[in-house]
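**Student:** mmCIF, C-alpha atoms, file upload_34.cif:
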```cif
data_entry
loop_
_atom_site.group_PDB
_atom_site.id
_atom_site.type_symbol
_atom_site.label_atom_id
_atom_site.label_comp_id
_atom_site.auth_asym_id
_atom_site.auth_seq_id
_atom_site.Cartn_x
_atom_site.Cartn_y
_atom_site.Cartn_z
ATOM 1 C CA MET A 1 1.458 -29.147 -3.469
ATOM 2 C CA SER A 2 1.368 -30.047 -7.174
ATOM 3 C CA ASN A 3 -1.969 -31.707 -6.341
ATOM 4 C CA VAL A 4 -3.488 -28.592 -4.788
ATOM 5 C CA LYS A 5 -7.279 -28.813 -4.926
ATOM 6 C CA LYS A 6 -8.592 -26.142 -2.576
ATOM 7 C CA ILE A 7 -7.229 -22.768 -1.505
ATOM 8 C CA GLY A 8 -8.435 -19.887 0.622
ATOM 9 C CA VAL A 9 -7.946 -16.192 -0.103
ATOM 10 C CA LEU A 10 -8.258 -13.180 2.207
ATOM 11 C CA THR A 11 -7.384 -9.503 2.293
ATOM 12 C CA SER A 12 -6.000 -8.096 5.513
ATOM 13 C CA GLY A 13 -4.911 -4.797 7.018
ATOM 14 C CA GLY A 14 -5.431 -1.511 5.199
ATOM 15 C CA ASP A 15 -7.329 -1.758 1.926
ATOM 16 C CA ALA A 16 -5.570 -0.805 -1.289
ATOM 17 C CA PRO A 17 -6.914 -0.100 -4.795
ATOM 18 C CA GLY A 18 -6.212 -3.162 -6.920
ATOM 19 C CA MET A 19 -6.908 -5.772 -4.247
ATOM 20 C CA ASN A 20 -10.064 -6.766 -6.115
ATOM 21 C CA ALA A 21 -8.081 -7.327 -9.297
ATOM 22 C CA ALA A 22 -5.749 -9.630 -7.334
ATOM 23 C CA ILE A 23 -8.708 -11.563 -5.885
ATOM 24 C CA ARG A 24 -10.195 -11.927 -9.371
ATOM 25 C CA ALA A 25 -6.920 -13.211 -10.801
ATOM 26 C CA VAL A 26 -6.437 -15.733 -7.985
ATOM 27 C CA VAL A 27 -9.977 -17.067 -8.349
ATOM 28 C CA ARG A 28 -10.062 -17.330 -12.130
ATOM 29 C CA THR A 29 -6.567 -18.806 -12.448
ATOM 30 C CA ALA A 30 -7.471 -21.368 -9.792
ATOM 31 C CA ILE A 31 -10.739 -22.290 -11.517
ATOM 32 C CA HIS A 32 -8.912 -22.654 -14.826
ATOM 33 C CA ASN A 33 -6.750 -25.261 -13.077
ATOM 34 C CA ASN A 34 -9.663 -27.069 -11.363
ATOM 35 C CA ILE A 35 -8.876 -25.618 -7.946
ATOM 36 C CA HIS A 36 -11.718 -24.676 -5.601
ATOM 37 C CA VAL A 37 -11.480 -21.253 -3.923
ATOM 38 C CA THR A 38 -12.893 -20.289 -0.533
ATOM 39 C CA GLY A 39 -13.165 -16.572 0.089
ATOM 40 C CA ILE A 40 -12.540 -15.497 3.689
ATOM 41 C CA LYS A 41 -14.270 -12.249 4.642
ATOM 42 C CA ARG A 42 -12.767 -9.629 6.966
ATOM 43 C CA GLY A 43 -9.241 -10.997 6.867
ATOM 44 C CA TYR A 44 -7.872 -12.979 9.784
ATOM 45 C CA ASP A 45 -10.832 -11.911 11.883
ATOM 46 C CA GLY A 46 -13.134 -13.687 9.434
ATOM 47 C CA LEU A 47 -10.894 -16.747 9.431
ATOM 48 C CA LEU A 48 -11.214 -16.980 13.208
ATOM 49 C CA ASN A 49 -14.950 -16.337 13.182
ATOM 50 C CA GLY A 50 -16.023 -18.582 10.316
ATOM 51 C CA GLU A 51 -16.919 -16.015 7.651
ATOM 52 C CA PHE A 52 -16.463 -18.030 4.477
ATOM 53 C CA MET A 53 -17.911 -18.015 0.969
ATOM 54 C CA ASP A 54 -17.352 -20.063 -2.169
ATOM 55 C CA LEU A 55 -15.862 -18.020 -5.000
ATOM 56 C CA ASP A 56 -16.458 -18.834 -8.653
ATOM 57 C CA ALA A 57 -15.887 -16.987 -11.925
ATOM 58 C CA SER A 58 -19.148 -15.056 -11.718
ATOM 59 C CA SER A 59 -18.658 -13.990 -8.099
ATOM 60 C CA VAL A 60 -15.551 -12.012 -9.089
ATOM 61 C CA SER A 61 -17.104 -10.556 -12.227
ATOM 62 C CA SER A 62 -17.012 -6.742 -12.519
ATOM 63 C CA ILE A 63 -14.923 -6.211 -9.378
ATOM 64 C CA MET A 64 -11.612 -5.286 -10.994
ATOM 65 C CA TYR A 65 -12.529 -1.625 -11.476
ATOM 66 C CA ARG A 66 -13.679 -1.161 -7.868
ATOM 67 C CA GLY A 67 -11.530 0.236 -5.070
ATOM 68 C CA GLY A 68 -11.337 -1.361 -1.640
ATOM 69 C CA THR A 69 -11.838 -5.100 -1.297
ATOM 70 C CA VAL A 70 -14.991 -7.129 -1.871
ATOM 71 C CA LEU A 71 -13.780 -9.599 0.743
ATOM 72 C CA LEU A 72 -13.661 -6.769 3.284
ATOM 73 C CA THR A 73 -10.842 -6.321 5.765
ATOM 74 C CA ALA A 74 -10.436 -5.825 9.495
ATOM 75 C CA ARG A 75 -7.806 -5.563 12.181
ATOM 76 C CA CYS A 76 -7.453 -8.710 14.273
ATOM 77 C CA PRO A 77 -5.605 -8.366 17.618
ATOM 78 C CA GLU A 78 -6.339 -12.041 18.366
ATOM 79 C CA MET A 79 -4.051 -13.080 15.503
ATOM 80 C CA MET A 80 -1.154 -11.489 17.358
ATOM 81 C CA THR A 81 -1.450 -14.154 20.067
ATOM 82 C CA GLU A 82 -0.238 -17.739 19.828
ATOM 83 C CA GLU A 83 -3.670 -18.946 20.889
ATOM 84 C CA GLY A 84 -5.279 -17.049 18.011
ATOM 85 C CA GLN A 85 -2.743 -18.382 15.540
ATOM 86 C CA LYS A 86 -3.337 -21.980 16.630
ATOM 87 C CA LYS A 87 -7.095 -21.467 16.311
ATOM 88 C CA ALA A 88 -6.668 -20.039 12.794
ATOM 89 C CA ALA A 89 -4.464 -23.000 11.802
ATOM 90 C CA ASN A 90 -7.042 -25.473 13.092
ATOM 91 C CA ILE A 91 -9.834 -23.779 11.132
ATOM 92 C CA TYR A 92 -7.644 -23.853 8.017
ATOM 93 C CA LYS A 93 -7.282 -27.628 8.458
ATOM 94 C CA VAL A 94 -10.988 -28.140 9.126
ATOM 95 C CA LEU A 95 -11.775 -26.293 5.889
ATOM 96 C CA GLY A 96 -9.529 -28.724 4.041
ATOM 97 C CA LEU A 97 -7.441 -25.978 2.468
ATOM 98 C CA ASP A 98 -4.193 -26.823 0.724
ATOM 99 C CA ALA A 99 -2.959 -23.230 0.913
ATOM 100 C CA LEU A 100 -3.973 -19.758 2.101
ATOM 101 C CA VAL A 101 -3.378 -16.718 -0.124
ATOM 102 C CA VAL A 102 -2.935 -13.527 1.917
ATOM 103 C CA ILE A 103 -3.201 -10.142 0.192
ATOM 104 C CA GLY A 104 -1.929 -7.291 2.344
ATOM 105 C CA GLY A 105 0.987 -5.374 3.746
ATOM 106 C CA ASP A 106 3.716 -5.973 6.315
ATOM 107 C CA GLY A 107 1.406 -6.852 9.212
ATOM 108 C CA SER A 108 -0.665 -9.203 7.075
ATOM 109 C CA LEU A 109 2.395 -11.053 5.815
ATOM 110 C CA HIS A 110 3.761 -11.367 9.335
ATOM 111 C CA GLY A 111 0.435 -12.946 10.231
ATOM 112 C CA ALA A 112 0.934 -15.437 7.401
ATOM 113 C CA GLN A 113 4.458 -16.093 8.642
ATOM 114 C CA ALA A 114 3.104 -16.899 12.110
ATOM 115 C CA LEU A 115 0.651 -19.424 10.650
ATOM 116 C CA MET A 116 3.479 -21.285 8.932
ATOM 117 C CA LYS A 117 4.667 -22.490 12.330
ATOM 118 C CA PHE A 118 1.397 -24.379 12.783
ATOM 119 C CA GLY A 119 1.357 -26.182 9.448
ATOM 120 C CA VAL A 120 -0.468 -23.640 7.279
ATOM 121 C CA ASN A 121 0.789 -23.367 3.691
ATOM 122 C CA VAL A 122 0.731 -19.675 2.796
ATOM 123 C CA MET A 123 1.357 -17.458 -0.213
ATOM 124 C CA GLY A 124 1.570 -13.685 0.071
ATOM 125 C CA ILE A 125 0.649 -10.922 -2.365
ATOM 126 C CA PRO A 126 1.891 -7.424 -1.394
ATOM 127 C CA GLY A 127 -1.033 -5.011 -1.221
ATOM 128 C CA THR A 128 -0.348 -1.657 0.446
ATOM 129 C CA ILE A 129 -0.406 1.895 -0.876
ATOM 130 C CA ASP A 130 2.701 2.846 1.133
ATOM 131 C CA LEU A 131 5.175 0.746 -0.911
ATOM 132 C CA ASP A 132 6.812 -0.089 2.420
ATOM 133 C CA LEU A 133 7.703 -3.744 1.824
ATOM 134 C CA ASP A 134 11.447 -3.845 1.177
ATOM 135 C CA CYS A 135 11.322 -7.163 -0.657
ATOM 136 C CA THR A 136 9.509 -5.776 -3.704
ATOM 137 C CA ASP A 137 9.800 -2.800 -6.042
ATOM 138 C CA TYR A 138 6.024 -2.476 -6.240
ATOM 139 C CA THR A 139 3.017 -3.022 -3.997
ATOM 140 C CA ILE A 140 -0.599 -3.031 -5.157
ATOM 141 C CA GLY A 141 -2.322 0.311 -4.624
ATOM 142 C CA PHE A 142 0.694 2.631 -4.766
ATOM 143 C CA ASP A 143 0.074 4.064 -8.225
ATOM 144 C CA THR A 144 -3.584 4.831 -7.537
ATOM 145 C CA ALA A 145 -2.702 6.514 -4.232
ATOM 146 C CA VAL A 146 -0.121 8.720 -5.944
ATOM 147 C CA ASN A 147 -2.519 9.668 -8.724
ATOM 148 C CA THR A 148 -5.243 10.509 -6.209
ATOM 149 C CA GLY A 149 -2.786 12.654 -4.277
ATOM 150 C CA MET A 150 -1.558 14.383 -7.420
ATOM 151 C CA GLU A 151 -5.111 15.241 -8.514
ATOM 152 C CA ALA A 152 -5.863 16.741 -5.093
ATOM 153 C CA ILE A 153 -2.601 18.721 -5.163
ATOM 154 C CA ASN A 154 -3.444 20.114 -8.611
ATOM 155 C CA ARG A 155 -6.731 21.484 -7.261
ATOM 156 C CA ILE A 156 -5.154 22.884 -4.108
ATOM 157 C CA ARG A 157 -2.508 24.596 -6.222
ATOM 158 C CA ASP A 158 -5.195 26.498 -8.152
ATOM 159 C CA THR A 159 -6.368 28.148 -4.935
ATOM 160 C CA SER A 160 -2.825 28.598 -3.677
ATOM 161 C CA CYS A 161 -1.900 30.454 -6.874
ATOM 162 C CA SER A 162 -5.008 32.626 -6.803
ATOM 163 C CA HIS A 163 -4.444 33.743 -3.201
ATOM 164 C CA GLU A 164 -0.625 33.731 -3.326
ATOM 165 C CA ARG A 165 -0.592 31.301 -0.412
ATOM 166 C CA CYS A 166 1.660 28.608 0.873
ATOM 167 C CA SER A 167 -0.058 25.211 0.891
ATOM 168 C CA ILE A 168 0.943 22.323 3.122
ATOM 169 C CA VAL A 169 -0.424 18.991 1.858
ATOM 170 C CA GLU A 170 -0.125 15.904 4.046
ATOM 171 C CA VAL A 171 -0.252 12.609 2.161
ATOM 172 C CA MET A 172 -0.299 9.041 3.465
ATOM 173 C CA GLY A 173 2.828 7.090 4.324
ATOM 174 C CA ARG A 174 3.320 6.195 7.967
ATOM 175 C CA ASN A 175 6.814 4.684 7.875
ATOM 176 C CA ALA A 176 7.820 5.339 4.272
ATOM 177 C CA GLY A 177 7.979 8.522 2.221
ATOM 178 C CA PHE A 178 7.442 7.081 -1.264
ATOM 179 C CA ILE A 179 3.957 8.569 -1.748
ATOM 180 C CA ALA A 180 5.215 11.954 -0.557
ATOM 181 C CA LEU A 181 8.246 11.846 -2.854
ATOM 182 C CA TRP A 182 6.207 10.926 -5.906
ATOM 183 C CA CYS A 183 3.465 13.435 -5.110
ATOM 184 C CA GLY A 184 6.087 16.087 -4.432
ATOM 185 C CA ILE A 185 7.878 15.618 -7.746
ATOM 186 C CA THR A 186 4.738 15.223 -9.864
ATOM 187 C CA GLY A 187 2.985 18.055 -8.024
ATOM 188 C CA GLY A 188 5.888 20.477 -8.285
ATOM 189 C CA SER A 189 6.500 20.988 -4.562
ATOM 190 C CA GLU A 190 9.384 23.014 -3.168
ATOM 191 C CA GLU A 191 9.948 20.843 -0.132
ATOM 192 C CA ILE A 192 9.086 17.273 0.877
ATOM 193 C CA LEU A 193 9.102 16.065 4.469
ATOM 194 C CA ILE A 194 9.498 12.296 4.840
ATOM 195 C CA PRO A 195 10.330 9.942 7.734
ATOM 196 C CA GLU A 196 13.609 8.949 6.067
ATOM 197 C CA LYS A 197 14.962 12.528 6.333
ATOM 198 C CA PRO A 198 14.483 13.724 9.912
ATOM 199 C CA ASP A 199 17.014 16.526 9.352
ATOM 200 C CA ILE A 200 14.421 18.732 7.617
ATOM 201 C CA ASN A 201 12.741 20.927 10.236
ATOM 202 C CA ASN A 202 10.244 23.786 10.242
ATOM 203 C CA ASP A 203 12.943 26.460 10.100
ATOM 204 C CA SER A 204 14.580 24.921 7.028
ATOM 205 C CA VAL A 205 11.175 24.875 5.307
ATOM 206 C CA VAL A 206 10.671 28.554 6.145
ATOM 207 C CA LYS A 207 14.124 29.361 4.770
ATOM 208 C CA GLN A 208 13.288 27.578 1.499
ATOM 209 C CA ILE A 209 9.982 29.417 1.140
ATOM 210 C CA LEU A 210 11.557 32.831 1.775
ATOM 211 C CA GLN A 211 14.330 32.081 -0.694
ATOM 212 C CA ASN A 212 11.813 31.152 -3.373
ATOM 213 C CA ARG A 213 9.721 34.235 -2.665
ATOM 214 C CA SER A 214 12.830 36.392 -3.088
ATOM 215 C CA LEU A 215 13.239 34.853 -6.543
ATOM 216 C CA GLY A 216 9.730 35.916 -7.541
ATOM 217 C CA LYS A 217 7.708 32.859 -6.495
ATOM 218 C CA THR A 218 4.179 33.954 -5.572
ATOM 219 C CA HIS A 219 2.894 30.689 -4.088
ATOM 220 C CA ASN A 220 4.441 27.681 -2.394
ATOM 221 C CA LEU A 221 3.743 23.982 -1.970
ATOM 222 C CA VAL A 222 5.135 21.688 0.731
ATOM 223 C CA ILE A 223 4.347 17.950 0.865
ATOM 224 C CA VAL A 224 4.394 16.195 4.244
ATOM 225 C CA ALA A 225 4.272 12.431 4.772
ATOM 226 C CA GLU A 226 1.831 11.129 7.363
ATOM 227 C CA GLY A 227 4.711 9.626 9.318
ATOM 228 C CA VAL A 228 6.187 13.104 9.833
ATOM 229 C CA GLY A 229 2.861 14.785 10.580
ATOM 230 C CA GLY A 230 2.502 18.158 12.240
ATOM 231 C CA SER A 231 1.144 19.801 9.089
ATOM 232 C CA GLN A 232 -1.147 22.227 10.898
ATOM 233 C CA GLU A 233 1.635 23.259 13.277
ATOM 234 C CA LEU A 234 3.980 23.769 10.319
ATOM 235 C CA ALA A 235 1.405 25.965 8.562
ATOM 236 C CA GLU A 236 0.985 28.096 11.680
ATOM 237 C CA HIS A 237 4.755 28.400 12.072
ATOM 238 C CA ILE A 238 5.268 29.501 8.467
ATOM 239 C CA GLU A 239 2.514 32.117 8.683
ATOM 240 C CA SER A 240 3.718 33.501 12.018
ATOM 241 C CA VAL A 241 7.331 33.827 10.853
ATOM 242 C CA THR A 242 6.811 35.001 7.257
ATOM 243 C CA GLY A 243 3.373 36.597 7.252
ATOM 244 C CA ILE A 244 2.511 34.473 4.214
ATOM 245 C CA GLN A 245 -1.028 33.094 4.381
ATOM 246 C CA THR A 246 -0.591 29.340 4.840
ATOM 247 C CA ARG A 247 -3.125 26.535 4.822
ATOM 248 C CA ALA A 248 -2.730 22.824 5.667
ATOM 249 C CA THR A 249 -4.711 20.056 3.961
ATOM 250 C CA ILE A 250 -4.578 16.456 5.192
ATOM 251 C CA LEU A 251 -5.645 14.032 2.457
ATOM 252 C CA GLY A 252 -5.851 11.026 4.792
ATOM 253 C CA HIS A 253 -7.825 7.997 3.680
ATOM 254 C CA LEU A 254 -8.930 9.765 0.510
ATOM 255 C CA GLN A 255 -5.827 8.184 -1.029
ATOM 256 C CA ARG A 256 -6.858 4.641 -0.166
ATOM 257 C CA GLY A 257 -10.044 4.677 -2.213
ATOM 258 C CA GLY A 258 -10.992 5.215 -5.819
ATOM 259 C CA VAL A 259 -10.882 3.335 -9.087
ATOM 260 C CA PRO A 260 -7.553 1.485 -9.433
ATOM 261 C CA THR A 261 -5.283 2.684 -12.208
ATOM 262 C CA ALA A 262 -4.295 0.458 -15.126
ATOM 263 C CA ILE A 263 -0.877 -0.051 -13.518
ATOM 264 C CA ASP A 264 -2.382 -1.302 -10.264
ATOM 265 C CA ARG A 265 -4.825 -3.574 -12.095
ATOM 266 C CA MET A 266 -2.024 -5.004 -14.201
ATOM 267 C CA HIS A 267 0.354 -5.703 -11.301
ATOM 268 C CA ALA A 268 -2.469 -7.139 -9.196
ATOM 269 C CA SER A 269 -3.634 -9.397 -12.019
ATOM 270 C CA MET A 270 -0.146 -10.681 -12.751
ATOM 271 C CA MET A 271 0.655 -11.235 -9.077
ATOM 272 C CA GLY A 272 -2.596 -13.119 -8.557
ATOM 273 C CA TYR A 273 -1.998 -15.284 -11.612
ATOM 274 C CA ASN A 274 1.622 -16.015 -10.722
ATOM 275 C CA THR A 275 0.725 -16.852 -7.120
ATOM 276 C CA VAL A 276 -1.629 -19.659 -8.177
ATOM 277 C CA LYS A 277 0.871 -20.796 -10.798
ATOM 278 C CA ALA A 278 3.545 -21.047 -8.093
ATOM 279 C CA LEU A 279 1.230 -23.156 -5.935
ATOM 280 C CA ILE A 280 0.593 -25.525 -8.828
ATOM 281 C CA GLU A 281 4.357 -25.840 -9.248
ATOM 282 C CA GLY A 282 4.603 -26.994 -5.652
ATOM 283 C CA LYS A 283 5.822 -23.786 -4.042
ATOM 284 C CA ILE A 284 4.561 -22.753 -0.607
ATOM 285 C CA ASN A 285 5.353 -20.188 2.089
ATOM 286 C CA ARG A 286 6.450 -17.582 -0.392
ATOM 287 C CA VAL A 287 5.489 -14.043 -1.368
ATOM 288 C CA MET A 288 5.012 -12.758 -4.894
ATOM 289 C CA VAL A 289 7.205 -9.751 -5.704
ATOM 290 C CA TYR A 290 8.037 -7.458 -8.606
ATOM 291 C CA ARG A 291 11.742 -6.718 -8.907
ATOM 292 C CA ASP A 292 13.903 -5.444 -11.737
ATOM 293 C CA GLY A 293 10.914 -5.512 -14.091
ATOM 294 C CA LYS A 294 10.039 -9.157 -13.410
ATOM 295 C CA TYR A 295 7.612 -11.088 -11.205
ATOM 296 C CA ASP A 296 9.205 -13.563 -8.860
ATOM 297 C CA ASP A 297 8.428 -15.423 -5.637
ATOM 298 C CA LEU A 298 10.620 -15.241 -2.552
ATOM 299 C CA ASP A 299 10.749 -17.300 0.601
ATOM 300 C CA LEU A 300 8.438 -15.484 3.010
ATOM 301 C CA ASN A 301 10.925 -15.472 5.887
ATOM 302 C CA GLU A 302 13.669 -14.067 3.699
ATOM 303 C CA ALA A 303 11.292 -11.528 2.145
ATOM 304 C CA LEU A 304 10.268 -10.126 5.523
ATOM 305 C CA ASP A 305 13.917 -9.904 6.559
ATOM 306 C CA CYS A 306 14.804 -7.758 3.536
ATOM 307 C CA LYS A 307 16.038 -4.276 4.404
ATOM 308 C CA ARG A 308 16.192 -1.692 1.648
ATOM 309 C CA GLU A 309 18.598 1.161 2.243
ATOM 310 C CA TYR A 310 17.154 4.627 1.791
ATOM 311 C CA ASP A 311 18.126 6.142 -1.552
ATOM 312 C CA ASN A 312 18.199 9.947 -1.483
ATOM 313 C CA THR A 313 18.155 10.287 -5.280
ATOM 314 C CA LEU A 314 14.462 11.160 -5.638
ATOM 315 C CA TYR A 315 14.677 13.816 -2.953
ATOM 316 C CA GLU A 316 17.757 15.376 -4.562
ATOM 317 C CA ILE A 317 15.976 15.428 -7.931
ATOM 318 C CA SER A 318 12.944 17.088 -6.347
ATOM 319 C CA LYS A 319 15.149 19.909 -5.060
ATOM 320 C CA ILE A 320 16.726 20.462 -8.469
ATOM 321 C CA LEU A 321 13.344 20.543 -10.185
ATOM 322 C CA ALA A 322 11.952 22.936 -7.565
ATOM 323 C CA ILE A 323 14.419 25.718 -8.441
#
```
Will you turn the file into structure tokens for me?
**Tutor:**
Amino acid sequence: MSNVKKIGVLTSGGDAPGMNAAIRAVVRTAIHNNIHVTGIKRGYDGLLNGEFMDLDASSVSSIMYRGGTVLLTARCPEMMTEEGQKKAANIYKVLGLDALVVIGGDGSLHGAQALMKFGVNVMGIPGTIDLDLDCTDYTIGFDTAVNTGMEAINRIRDTSCSHERCSIVEVMGRNAGFIALWCGITGGSEEILIPEKPDINNDSVVKQILQNRSLGKTHNLVIVAEGVGGSQELAEHIESVTGIQTRATILGHLQRGGVPTAIDRMHASMMGYNTVKALIEGKINRVMVYRDGKYDDLDLNEALDCKREYDNTLYEISKILAI
């Protein structure tokens, strides 16, 4: 792999702010090292259906500040079959690629792992707003998603204060509560419902709200992770039990878009650069991670086997700060 001459790059799964910065870094670092880059549109679906484009320095100009992904992304059920994986591997070989760089989350990296079995050299870059890859302390898009959520919460709070309401805000995070925890602490919420803490129910939320009202609180804020859901039902329950006017707001895909923050651009740029550097050093079938303040590459199989134990510290801090 020290003689790598041609690589492919694709973005797969849910888009995340900062993916474009990662694409830009991969392309320009490769060009600097005389490596040709083929862009694959619409993720694995584009790989299977022949949607390719040559990428040069000018084609990735002025994309770093844009949300989403210029290479587009799509779900690809065919890649979940062995037949689809073999087809993708054959196309990879026909293209004459020395390696395939995959930017995406857990599902995307598992797709890359499947291709390894058929002789495809892969490198992964973690791009998902949920921060739900246990092998890394940071995933591209998380900071922008939190900032988008925090800005929305600030605006909702203005109305909540004015009308002395309780506001339920549902943020993204299907299997992980990191966005909810960060939005809850930075938004000043009184309760945070996340998948990792199933012991918090509607009645305990009501109890917390009534306790805070008895202490003179005139408005309330509860953050709910997408993976918990039921925000509208919770709002109706609170209002029926307490009589406090309660409204639910679901931010949804609003958090996936927008201009990437400096933090996301920086991590994406460094991960893209280090991924190509690793390929030049002869490394394959690895994923770029950020751990303990440093960038590193891990064996892809080992990375996907990583299991991070839930740490309740952030939740406990949120309760102290909500007093």
**Student:** Which residue, A:Ser59, A:Thr29, A:Thr242, A:Ser108, has the smallest gap to Thr11 (chain A) when you use only C-alpha atoms?
**Tutor:**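 Going through A:Ser59, A:Thr29, A:Thr242, A:Ser108 one by one, the smallest distance to Thr11 (chain A) is for A:Ser108.
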**Student:** Starting from the shown file, work through the PyMOL selection byres ((chain A and resi 60) around 10) and note down what comes out as a ChimeraX atom specification.
**Tutor:** /A:20-21,23-28,55-59,61-64,70
**Student:** Residues as selected, C-alpha atoms, written as a short mmCIF file (atom, residue, chain, number, x, y, z; two decimals), in the frame of the given file, can you do that?
**Tutor:**
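In the end it all went to selection_15.cif:
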```
data_model
loop_
_atom_site.label_atom_id
_atom_site.label_comp_id
_atom_site.auth_asym_id
_atom_site.auth_seq_id
_atom_site.Cartn_x
_atom_site.Cartn_y
_atom_site.Cartn_z
CA ASN A 20 -10.06 -6.77 -6.12
CA ALA A 21 -8.08 -7.33 -9.30
CA ILE A 23 -8.71 -11.56 -5.88
CA ARG A 24 -10.20 -11.93 -9.37
CA ALA A 25 -6.92 -13.21 -10.80
CA VAL A 26 -6.44 -15.73 -7.98
CA VAL A 27 -9.98 -17.07 -8.35
CA ARG A 28 -10.06 -17.33 -12.13
CA LEU A 55 -15.86 -18.02 -5.00
CA ASP A 56 -16.46 -18.83 -8.65
CA ALA A 57 -15.89 -16.99 -11.92
CA SER A 58 -19.15 -15.06 -11.72
CA SER A 59 -18.66 -13.99 -8.10
CA SER A 61 -17.10 -10.56 -12.23
CA SER A 62 -17.01 -6.74 -12.52
CA ILE A 63 -14.92 -6.21 -9.38
CA MET A 64 -11.61 -5.29 -10.99
CA VAL A 70 -14.99 -7.13 -1.87
#
```
**Student:** Considering only C-alpha atoms, state which residue in the set A:Gly111, A:Pro17, A:Gly124, A:Gly68 is at the smallest distance from Lys283 (chain A).
**Tutor:**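 Of all the options, A:Gly124 lies closest to Lys283 (chain A).
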**Student:** Quick one: pull the distance between CA of Leu251 (chain A) and CA of Gln232 (chain A), Å, one decimal.
**Tutor:** 12.6 Å
**Student:** Tell me which protein, DNA and RNA residues are within 12 Å of Met19 (chain A), counting only C-alpha atoms, leaving out same-chain ones fewer than 6 positions away, and put them as a VMD selection string.
**Tutor:** chain A and resid 9 to 13 25 to 26 60 63 to 73 102 to 105 125 to 129 139 to 142 144 256 to 261 264 to 272
**Student:** Let's have the selection written as a CSV table (one decimal), in the coordinates of the input, with C-alpha atoms.
**Tutor:**
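Contents of result_3.csv, freshly written:
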```csv
chain,number,residue,atom,x,y,z
A,9,VAL,CA,-7.9,-16.2,-0.1
A,10,LEU,CA,-8.3,-13.2,2.2
A,11,THR,CA,-7.4,-9.5,2.3
A,12,SER,CA,-6.0,-8.1,5.5
A,13,GLY,CA,-4.9,-4.8,7.0
A,25,ALA,CA,-6.9,-13.2,-10.8
A,26,VAL,CA,-6.4,-15.7,-8.0
A,60,VAL,CA,-15.6,-12.0,-9.1
A,63,ILE,CA,-14.9,-6.2,-9.4
A,64,MET,CA,-11.6,-5.3,-11.0
A,65,TYR,CA,-12.5,-1.6,-11.5
A,66,ARG,CA,-13.7,-1.2,-7.9
A,67,GLY,CA,-11.5,0.2,-5.1
A,68,GLY,CA,-11.3,-1.4,-1.6
A,69,THR,CA,-11.8,-5.1,-1.3
A,70,VAL,CA,-15.0,-7.1,-1.9
A,71,LEU,CA,-13.8,-9.6,0.7
A,72,LEU,CA,-13.7,-6.8,3.3
A,73,THR,CA,-10.8,-6.3,5.8
A,102,VAL,CA,-2.9,-13.5,1.9
A,103,ILE,CA,-3.2,-10.1,0.2
A,104,GLY,CA,-1.9,-7.3,2.3
A,105,GLY,CA,1.0,-5.4,3.7
A,125,ILE,CA,0.6,-10.9,-2.4
A,126,PRO,CA,1.9,-7.4,-1.4
A,127,GLY,CA,-1.0,-5.0,-1.2
A,128,THR,CA,-0.3,-1.7,0.4
A,129,ILE,CA,-0.4,1.9,-0.9
A,139,THR,CA,3.0,-3.0,-4.0
A,140,ILE,CA,-0.6,-3.0,-5.2
A,141,GLY,CA,-2.3,0.3,-4.6
A,142,PHE,CA,0.7,2.6,-4.8
A,144,THR,CA,-3.6,4.8,-7.5
A,256,ARG,CA,-6.9,4.6,-0.2
A,257,GLY,CA,-10.0,4.7,-2.2
A,258,GLY,CA,-11.0,5.2,-5.8
A,259,VAL,CA,-10.9,3.3,-9.1
A,260,PRO,CA,-7.6,1.5,-9.4
A,261,THR,CA,-5.3,2.7,-12.2
A,264,ASP,CA,-2.4,-1.3,-10.3
A,265,ARG,CA,-4.8,-3.6,-12.1
A,266,MET,CA,-2.0,-5.0,-14.2
A,267,HIS,CA,0.4,-5.7,-11.3
A,268,ALA,CA,-2.5,-7.1,-9.2
A,269,SER,CA,-3.6,-9.4,-12.0
A,270,MET,CA,-0.1,-10.7,-12.8
A,271,MET,CA,0.7,-11.2,-9.1
A,272,GLY,CA,-2.6,-13.1,-8.6
```
**Student:** Give me the residues within 12 Å of Gly229 (chain A) as a count of residues only, counting all atoms listed in the file and dropping any in the same chain fewer than 6 places off.
**Tutor:** 24
**Student:** Which of these, A:Ala89, A:Leu133, A:Met53, A:Leu95, has the shortest distance to Lys307 (chain A) once you count all atoms listed in the file?
**Tutor:**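 Using all atoms listed in the file, the shortest distance to Lys307 (chain A) belongs to A:Leu133.
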**Student:** Given the file shown, determine the residues that the PyMOL selection byres ((chain A and resi 4) around 10) selects; report them as number ranges by chain.
**Tutor:** A: 1-3, 5-7, 30, 33-36, 97-99, 276, 279-282
**Student:** Just how far from CA of Thr275 (chain A) is CA of Ala22 (chain A), in Å to one decimal?
**Tutor:**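 Taking CA of Ala22 (chain A) as the start and CA of Thr275 (chain A) as the end point, the length is 9.7 Å.
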**Student:** Counting only C-alpha atoms, figure out which residue out of A:Met116, A:Ile40, A:Val224, A:Leu298 gets nearest to Ala278 (chain A).
**Tutor:**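 Answer, going by the shortest atom-to-atom distance: A:Leu298.
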**Student:** Looking at all atoms listed in the file, which of A:Arg291, A:Asp134, A:Leu221, A:Asp203 is the one that sits closest to Arg155 (chain A)?
**Tutor:**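 Closest to Arg155 (chain A) of all the choices is A:Leu221.
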**Student:** Neighbours of Arg286 (chain A) within 10 Å (all atoms listed in the file; same-chain residues fewer than 2 positions away dropped), as a ChimeraX atom specification?
**Tutor:** /A:101,109,112-113,121-125,275,278-279,283-284,288-289,296-303
**Student:** Which is closer to His110 (chain A) than all the others in A:Val146, A:Ile263, A:Leu215, A:Leu304, using only C-alpha atoms?
**Tutor:**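 The closest residue to His110 (chain A) is A:Leu304.
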**Student:** One decimal, Å: what's the distance from CA of Gly43 (chain A) over to CA of Gly107 (chain A), could you say?
**Tutor:**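 Distance between the two atoms: 11.7 Å.
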